[in-house]
Every structure is written in structure tokens, then in C-alpha cells.
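A.B. asks: I have a structure here, written as C-alpha cells, and I will follow up with some questions on it.
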Amino acid sequence: MSNKALLTMFVVIHLSLYFYIYPVKMIEATSTGHWEPIIVGFLIELCCVWVYIKGLSAFPGKDIVDICKMVAGNWMARLLLIPLLAFLFLNSNITHSYEMESVSILLLPNTPTYFIVLLYVIPLYIAWKGYEAISRGGILLFICVLPLVIFSLISAMSNFDFNNIFPLYDTRLNFFKRPMFYSAFFAQAGFLFLGMVKLRHKLPLRYVITILGILFIFALSSVYLPMLIFGQESIIYFRYPNVLTSDTVDSEWVVFDWLPTFFVIAMIAIAMIETAVTFWMMATLIEKLFLKKKRGIAVLIVGVLSYIFSCYLDNIDTLEKFTIVSTCLCFYSIIGIPLAVILMSLRYRRKPA
């Protein structure tokens with residue numbers, strides 16, 4: 001796979017995580033200088049990506065399951081990767097429960113949740129076809145949908161009140177004391193798929209820095225666009241700030257009757273790509289760790305468990321029960337997994353031929 005296709009998927013996966021839960025958590029994490037926790041998150045992700053790529057470069061053509069099995073053995077591979085599997089499962093279901101609720105509220109208000117969750121069948125089928133199918137279809141869909149997302153965001157700029165940007169910074173960095181800051185790191189976990197695609201060539205760090213810079217702008221936009229319109233005092237009570245941001249656009253000059261509908265559809269389309277990648281990662285981990293060449297069964301397990309768990313998460317308040325567990329697993333995955341991979345690469349390189 002070319003670096004361009006890989007980096008495009010890198011953008012797609014990250015972008016799908018920025019416009020629902022992420023701005024809510026950032027707004028709750030601090031009341032001033034929101035760019036500070038955002039940039040801290042991106043700097044930490046840059047370090048983790050560098051370590052991850054450095055470690056993976058020692059094993060061209062192998063994924064993290066192959067690496068762990070080759071260097072540490074089957075049981076150690078399971079010990080290291082089961083928490084990653086648990087994080088992917090929890091994070092995927094929690095994140096997409098917010099998206100499914102927005103579909104329920106805006107598009108299908110009279111449809112039961114357990115029918116809306118059946119939308120998972122689409123990414124589940126694509127995940128069964130494999131990563132190449134996800135990449136080809138995902139990039140094409142992303143190219144079609146991205147302009148609508150950007151248009152939805154830019155069109156609201158006419159409603160800005162730039163006084164809402166102040167205070168511009170927090171000298172005490174109080175966000176480090178807020179649990180919401182740490183729970184927002186799920187948005188920095190999008191790079192983990194790099195360990196599953198069997199990189200054959202080292203990904204140049206300069207490309208990653210450029211892409212993270214672009215994503216940083218989108219992350220800032222997801223927080224500051226609604227804030228510049230509604231202000232900190234109001235926005236802290238919003239569950240879907242970016243959907244409401246698109247709703248402020250004067251519909252007389254917009255070609256669409258109700259822009260939030262198209263914004264939600266666009267974001268759901270992007271989220272389907274990210275969900276397919278996550279399902280593929282979970283199915284691959286289950287297949288390689290517990291089942292031998294039984295991909296169909298692994299995909300079925302992922303689909304059934306995700307459907308049952310999503311139906312259990314019948315409202316947003318239920319999600320809060322899993323926030324602490326998901327946050328702990330997130331930090332293990334984005335920090336522990338890259339460190340484990342680079343340590344195994346050092347051990348592998350020192351091993352005599």
C-alpha cells in the first residue's frame with residue numbers, strides 16, 4: 001500500500017473521532033485556552049507515533065500480532081494484546097453510540113435503537129472483505145464527503161463572535177487536573193491501525209508531522225467553531241455542539257433546507273469507514289490470537305458482541321460507567337503498545353543471526 005493511501009486512511013480515522021465526543025470533553029476539561037490541551041494531546045500522539053513506527057520498521061511485512069508471537073511467544077502476545085482488543089471494543093461502541101443517537105434524534109426519531117444499530121452491518125461486511133477493500137472504498141467515500149463537512153463548518157463563520165475566544169490561555173494549565181482531559185485521548189488512538197497493516201517500508205516522520213498538523217486544525221475547529229458562536233457559558237451544556245453550529249447557518253443562502261442533516265450524514269459516512277477499520281482490527285486480533293484461519297467466525301463474534309453491547313448502551317448516561325475503564329485501556333494502548341513494540345524491536349535486532 002502506498003504512503004498516500006495509508007496517510008489518507010490516517011486522516012479519515014482521526015477525523016471521524018473529532019466532531020462528537022471530543023469537543024464536549026475538551027470544553028469540559030477547561031474554560032480557557034482550549035488550544036492548550038488540544039496541542040498537548042497532539043504532541044503526545046506525535047511521540048507515540050514516532051516510537052510505534054520506529055519499532056514496526058524492524059519487522060517489515062509483519063503486524064503487531066506476528067511481532068509479539070515471534071519475539072515473546074503466544075501467551076505473552078495474548079497478555080499484551082487483549083487490553084488493546086478490549087479498548088478497541090469499548091471505544092468503538094462508546095464513540096458510535098453518540099453517533100447513533102444523533103441519527104435517532106435528527107434523522108430517525110421514531111425508530112428503535114436496536115434497528116438503528118443494525119447500521120453496523122455495513123462496516124462489518126466491509127471488515128470481513130479485508131483492509132484493502134476498506135481502504136479503496138473508504139478513500140473514495142472520504143473524497144466525496146469531506147467537502148460537505150468543510151462547507152458545513154466554514155458556512156457558520158459568519159456567526160462568529162470573536163470575543164468568545166477570550167481568555168486565550170490558561171497559565172496554570174488546570175486541565176491536567178480534569179478527568180475529561182484524559183478521557184479525550186481516545187481521539188489520539190487513531191494511529192494504532194498502523195500496527196495492523198503490515199508496513200513494508202518505514203513511514204517518513206515528516207509526512208506524519210504534516211498530517212498531524214492538518215488534523216490539529218480540524219481538532220481546533222471542532223472546539224472553537226461552536227465556542228465562537230455560542231460562548232463557553234452556553235456550549236458547556238450542549239451534547240452535539242458541532243451539529244448545532246451547522247444549524248446556525250442562514251438557510252436562505254444555503255442550497256440545503258437543513259444543513260445539520262447533511263452534516264450528520266457526512267459524519268456518519270466517515271464514521272462507517274473508521275468502524276470498518278476497527279472491526280477489521282478486532283477480528284484480526286481474535287483470529288490470530290485465539291482462532292486459526294477462521295476469519296468468518298471472528299467477524300461474527302465482533303458483530304454480535306458489538307450489537308448486544310450497543311443495545312445495552314441505551315442512553316448517554318450509561319456510557320459514563322465505562323469512561324474510566326476505557327480511558328485506562330486507551331493510555332495502555334497508545335503508550336504501552338508502542339513501547340512494547342520498540343522494546344521487542346531492540347531485542348530482535350540484538351539477537352544473533
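Chain labels follow the order of the C-alpha cells: the first chain is A, the next B, and so on; residue numbering restarts at 1 in every chain, and ligands are counted from 1 in their shown order.
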Just list the residues in region 161-222 of chain A DSSP gives alpha helix (DSSP H) on the backbone, as a list in words.

C.D. replies: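 In region 161-222 of chain A, DSSP puts these residues in alpha helix (DSSP H): Pro179, Met180, Phe181, Tyr182, Ser183, Leu205, Arg206, Tyr207, Val208, Ile209, Thr210, Ile211, Leu212, Gly213, Ile214, Leu215, Phe216, Ile217, Phe218, Ala219, Leu220, Ser221 and Ser222 of chain A.
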
A.B. asks: Tell me, as a VMD selection string, which residues lie within 9 Å of region 203-208 of chain A, counting only C-alpha atoms; anything in the same chain fewer than 3 positions away does not count.

C.D. replies: chain A and resid 3 7 46 49 to 50 53 to 54 57 199 211 to 213

A.B. asks: Write out, as a tab-separated table, each residue of region 51-86 of chain A that has an atom at most 10 Å from region 271-282 of chain A, together with the closest pair of atoms and their distance in Å to one decimal, counting only C-alpha atoms, rows going by chain and rising number.

C.D. replies:
residue	atom	partner	partner_atom	distance
A:Ile82	CA	A:Met282	CA	10.0
A:Leu84	CA	A:Met282	CA	8.9
A:Leu85	CA	A:Met282	CA	6.0
A:Ala86	CA	A:Met282	CA	8.8

A.B. asks: What lies within 9 Å of region 284-295 of chain A using only C-alpha atoms, ignoring chain neighbours under 4 positions off, as an MDAnalysis selection string?

C.D. replies: chainID A and resid 65:66 74:75 77:78 81:82 85 128 196 279:280 299:302

A.B. asks: Please, could you write that set of residues out with N, CA, C and O atoms as a PDB file, in the first residue's frame?

C.D. replies:
ATOM      1  N   VAL A  65       0.606  -8.585  15.964  1.00  0.00           N
ATOM      2  CA  VAL A  65       0.377  -9.950  16.461  1.00  0.00           C
ATOM      3  C   VAL A  65       1.538 -10.844  16.063  1.00  0.00           C
ATOM      4  O   VAL A  65       2.075 -11.597  16.889  1.00  0.00           O
ATOM      5  N   ASP A  66       1.951 -10.759  14.798  1.00  0.00           N
ATOM      6  CA  ASP A  66       3.099 -11.548  14.329  1.00  0.00           C
ATOM      7  C   ASP A  66       4.356 -11.192  15.113  1.00  0.00           C
ATOM      8  O   ASP A  66       5.145 -12.072  15.483  1.00  0.00           O
ATOM      9  N   ASN A  74       3.273 -16.998  22.131  1.00  0.00           N
ATOM     10  CA  ASN A  74       1.817 -16.888  22.014  1.00  0.00           C
ATOM     11  C   ASN A  74       1.160 -16.316  23.260  1.00  0.00           C
ATOM     12  O   ASN A  74       0.300 -15.427  23.182  1.00  0.00           O
ATOM     13  N   TRP A  75       1.537 -16.834  24.435  1.00  0.00           N
ATOM     14  CA  TRP A  75       0.867 -16.393  25.659  1.00  0.00           C
ATOM     15  C   TRP A  75       1.185 -14.948  26.003  1.00  0.00           C
ATOM     16  O   TRP A  75       0.313 -14.194  26.450  1.00  0.00           O
ATOM     17  N   ALA A  77       1.914 -12.704  23.796  1.00  0.00           N
ATOM     18  CA  ALA A  77       1.191 -11.927  22.791  1.00  0.00           C
ATOM     19  C   ALA A  77      -0.245 -11.687  23.238  1.00  0.00           C
ATOM     20  O   ALA A  77      -0.777 -10.577  23.121  1.00  0.00           O
ATOM     21  N   ARG A  78      -0.873 -12.720  23.776  1.00  0.00           N
ATOM     22  CA  ARG A  78      -2.240 -12.570  24.270  1.00  0.00           C
ATOM     23  C   ARG A  78      -2.297 -11.608  25.452  1.00  0.00           C
ATOM     24  O   ARG A  78      -3.201 -10.768  25.546  1.00  0.00           O
ATOM     25  N   LEU A  81      -1.902  -8.031  24.071  1.00  0.00           N
ATOM     26  CA  LEU A  81      -2.848  -7.514  23.086  1.00  0.00           C
ATOM     27  C   LEU A  81      -4.320  -7.623  23.485  1.00  0.00           C
ATOM     28  O   LEU A  81      -5.159  -6.965  22.872  1.00  0.00           O
ATOM     29  N   ILE A  82      -4.635  -8.412  24.490  1.00  0.00           N
ATOM     30  CA  ILE A  82      -6.038  -8.478  24.943  1.00  0.00           C
ATOM     31  C   ILE A  82      -6.521  -7.117  25.452  1.00  0.00           C
ATOM     32  O   ILE A  82      -7.653  -6.706  25.145  1.00  0.00           O
ATOM     33  N   LEU A  85      -7.452  -5.154  22.453  1.00  0.00           N
ATOM     34  CA  LEU A  85      -8.718  -5.639  21.923  1.00  0.00           C
ATOM     35  C   LEU A  85      -9.893  -5.089  22.733  1.00  0.00           C
ATOM     36  O   LEU A  85     -10.899  -4.645  22.167  1.00  0.00           O
ATOM     37  N   TRP A 128     -15.077  -7.726   6.896  1.00  0.00           N
ATOM     38  CA  TRP A 128     -14.896  -9.131   6.507  1.00  0.00           C
ATOM     39  C   TRP A 128     -14.140  -9.241   5.177  1.00  0.00           C
ATOM     40  O   TRP A 128     -13.365 -10.173   4.967  1.00  0.00           O
ATOM     41  N   MET A 196      -1.353  -2.856  12.304  1.00  0.00           N
ATOM     42  CA  MET A 196      -2.089  -3.999  11.776  1.00  0.00           C
ATOM     43  C   MET A 196      -2.016  -4.123  10.257  1.00  0.00           C
ATOM     44  O   MET A 196      -2.472  -5.111   9.695  1.00  0.00           O
ATOM     45  N   PHE A 279     -13.459  -2.777  13.339  1.00  0.00           N
ATOM     46  CA  PHE A 279     -13.972  -4.152  13.281  1.00  0.00           C
ATOM     47  C   PHE A 279     -12.932  -5.093  12.675  1.00  0.00           C
ATOM     48  O   PHE A 279     -12.750  -6.217  13.145  1.00  0.00           O
ATOM     49  N   TRP A 280     -12.274  -4.615  11.615  1.00  0.00           N
ATOM     50  CA  TRP A 280     -11.235  -5.442  10.976  1.00  0.00           C
ATOM     51  C   TRP A 280     -10.080  -5.698  11.940  1.00  0.00           C
ATOM     52  O   TRP A 280      -9.570  -6.824  12.017  1.00  0.00           O
ATOM     53  N   VAL A 299     -15.224 -12.412  12.703  1.00  0.00           N
ATOM     54  CA  VAL A 299     -16.059 -11.262  12.318  1.00  0.00           C
ATOM     55  C   VAL A 299     -17.443 -11.386  12.931  1.00  0.00           C
ATOM     56  O   VAL A 299     -18.019 -10.402  13.420  1.00  0.00           O
ATOM     57  N   LEU A 300     -17.990 -12.596  12.941  1.00  0.00           N
ATOM     58  CA  LEU A 300     -19.314 -12.818  13.529  1.00  0.00           C
ATOM     59  C   LEU A 300     -19.308 -12.519  15.025  1.00  0.00           C
ATOM     60  O   LEU A 300     -20.243 -11.892  15.552  1.00  0.00           O
ATOM     61  N   ILE A 301     -18.251 -12.933  15.725  1.00  0.00           N
ATOM     62  CA  ILE A 301     -18.129 -12.654  17.167  1.00  0.00           C
ATOM     63  C   ILE A 301     -18.111 -11.150  17.417  1.00  0.00           C
ATOM     64  O   ILE A 301     -18.813 -10.640  18.300  1.00  0.00           O
ATOM     65  N   VAL A 302     -17.313 -10.435  16.621  1.00  0.00           N
ATOM     66  CA  VAL A 302     -17.218  -8.978  16.774  1.00  0.00           C
ATOM     67  C   VAL A 302     -18.574  -8.330  16.531  1.00  0.00           C
ATOM     68  O   VAL A 302     -19.015  -7.454  17.298  1.00  0.00           O
TER      69      VAL A 302
END

A.B. asks: Write out as a list in words which residues come within 9 Å of Ile265 (chain A) when counting only C-alpha atoms, dropping same-chain ones fewer than 5 positions away.

C.D. replies: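 Near neighbours after the sequence-gap exclusion: Val103, Leu107, Pro260 and Ile270 of chain A.
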
A.B. asks: Under the rule that only C-alpha atoms are counted, which of A:Ile143, A:Ile308, A:Val341, A:Arg350 is the nearest residue to Ile64 (chain A)?

C.D. replies: A:Val341

A.B. asks: Quick one: of A:Asn164, A:Ser306, A:Ser333, A:Ser326, who's nearest to Glu233 (chain A), counting only C-alpha atoms?

C.D. replies: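 Comparing A:Asn164, A:Ser306, A:Ser333, A:Ser326 against Glu233 (chain A), the winner is A:Asn164.
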
A.B. asks: Show which residues sit within 9 Å of Tyr332 (chain A), as a PyMOL selection string. Count only C-alpha atoms, and ignore same-chain residues fewer than 3 positions away.

C.D. replies: chain A and resi 83-84+87+327-329+335-337

A.B. asks: With N, CA, C and O atoms retained, export the selected residues as a PDB file, in the first residue's frame.

C.D. replies:
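File result-v8.pdb, as written:
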ATOM      1  N   PRO A  83      -5.715  -6.349  26.225  1.00  0.00           N
ATOM      2  CA  PRO A  83      -6.168  -4.994  26.605  1.00  0.00           C
ATOM      3  C   PRO A  83      -6.421  -4.097  25.400  1.00  0.00           C
ATOM      4  O   PRO A  83      -7.343  -3.277  25.415  1.00  0.00           O
ATOM      5  N   LEU A  84      -5.613  -4.234  24.335  1.00  0.00           N
ATOM      6  CA  LEU A  84      -5.844  -3.465  23.112  1.00  0.00           C
ATOM      7  C   LEU A  84      -7.172  -3.856  22.488  1.00  0.00           C
ATOM      8  O   LEU A  84      -7.953  -2.990  22.053  1.00  0.00           O
ATOM      9  N   PHE A  87      -9.917  -2.322  24.502  1.00  0.00           N
ATOM     10  CA  PHE A  87     -10.040  -0.885  24.241  1.00  0.00           C
ATOM     11  C   PHE A  87     -10.749  -0.627  22.920  1.00  0.00           C
ATOM     12  O   PHE A  87     -11.643   0.237  22.834  1.00  0.00           O
ATOM     13  N   THR A 327     -10.639   4.860  29.448  1.00  0.00           N
ATOM     14  CA  THR A 327      -9.501   5.778  29.498  1.00  0.00           C
ATOM     15  C   THR A 327      -8.213   5.047  29.872  1.00  0.00           C
ATOM     16  O   THR A 327      -7.157   5.270  29.271  1.00  0.00           O
ATOM     17  N   CYS A 328      -8.291   4.166  30.864  1.00  0.00           N
ATOM     18  CA  CYS A 328      -7.104   3.384  31.272  1.00  0.00           C
ATOM     19  C   CYS A 328      -6.617   2.498  30.133  1.00  0.00           C
ATOM     20  O   CYS A 328      -5.414   2.428  29.847  1.00  0.00           O
ATOM     21  N   LEU A 329      -7.545   1.837  29.459  1.00  0.00           N
ATOM     22  CA  LEU A 329      -7.179   0.984  28.332  1.00  0.00           C
ATOM     23  C   LEU A 329      -6.633   1.814  27.173  1.00  0.00           C
ATOM     24  O   LEU A 329      -5.744   1.358  26.442  1.00  0.00           O
ATOM     25  N   ILE A 335       0.279   4.217  24.552  1.00  0.00           N
ATOM     26  CA  ILE A 335       1.641   4.343  25.104  1.00  0.00           C
ATOM     27  C   ILE A 335       2.292   2.980  25.302  1.00  0.00           C
ATOM     28  O   ILE A 335       3.434   2.755  24.885  1.00  0.00           O
ATOM     29  N   GLY A 336       1.567   2.056  25.920  1.00  0.00           N
ATOM     30  CA  GLY A 336       2.137   0.746  26.235  1.00  0.00           C
ATOM     31  C   GLY A 336       2.451  -0.084  25.007  1.00  0.00           C
ATOM     32  O   GLY A 336       3.522  -0.707  24.922  1.00  0.00           O
ATOM     33  N   ILE A 337       1.535  -0.101  24.034  1.00  0.00           N
ATOM     34  CA  ILE A 337       1.758  -0.908  22.826  1.00  0.00           C
ATOM     35  C   ILE A 337       2.964  -0.408  22.021  1.00  0.00           C
ATOM     36  O   ILE A 337       3.842  -1.200  21.650  1.00  0.00           O
TER      37      ILE A 337
END

A.B. asks: Which value, in Å to one decimal, gives the distance between CA of Asn91 (chain A) and CA of Leu173 (chain A)?

C.D. replies: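 Interatomic distance, CA of Asn91 (chain A) to CA of Leu173 (chain A): 26.7 Å.
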
A.B. asks: So which one's closest to Asn159 (chain A), A:Ile236, A:Leu225, A:Leu6, A:Pro37? Using only C-alpha atoms, please.

C.D. replies: A:Leu225

A.B. asks: Looking at only C-alpha atoms, which of A:Leu305, A:Arg178, A:Phe186, A:Phe238 is the one that sits closest to Val325 (chain A)?

C.D. replies: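 Using only C-alpha atoms, Val325 (chain A) sits closest to A:Phe186.
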
A.B. asks: For each of A:Leu153, A:Met180, A:Leu244, A:Leu220, take the minimum atom-to-atom distance to Leu106 (chain A), counting only C-alpha atoms, then give the residue where this is smallest.

C.D. replies: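 Under the stated criterion, the closest residue is A:Leu244.
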
A.B. asks: Produce a table with one row for each residue of region 2-44 of chain A that has an atom at most 9 Å from any atom of region 94-99 of chain A, each row naming the nearest atom pair and its distance in Å at one decimal; use only C-alpha atoms; arrange rows by chain and rising residue number; format as CSV.

C.D. replies:
residue,atom,partner,partner_atom,distance
A:Leu17,CA,A:Thr95,CA,7.6
A:Tyr20,CA,A:Tyr98,CA,7.0
A:Ile21,CA,A:Thr95,CA,7.1

A.B. asks: One decimal, Å: what's the distance from CA of Leu80 (chain A) over to CA of Ser2 (chain A), could you say?

C.D. replies: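 We find that CA of Leu80 (chain A) and CA of Ser2 (chain A) lie 28.9 Å from each other.
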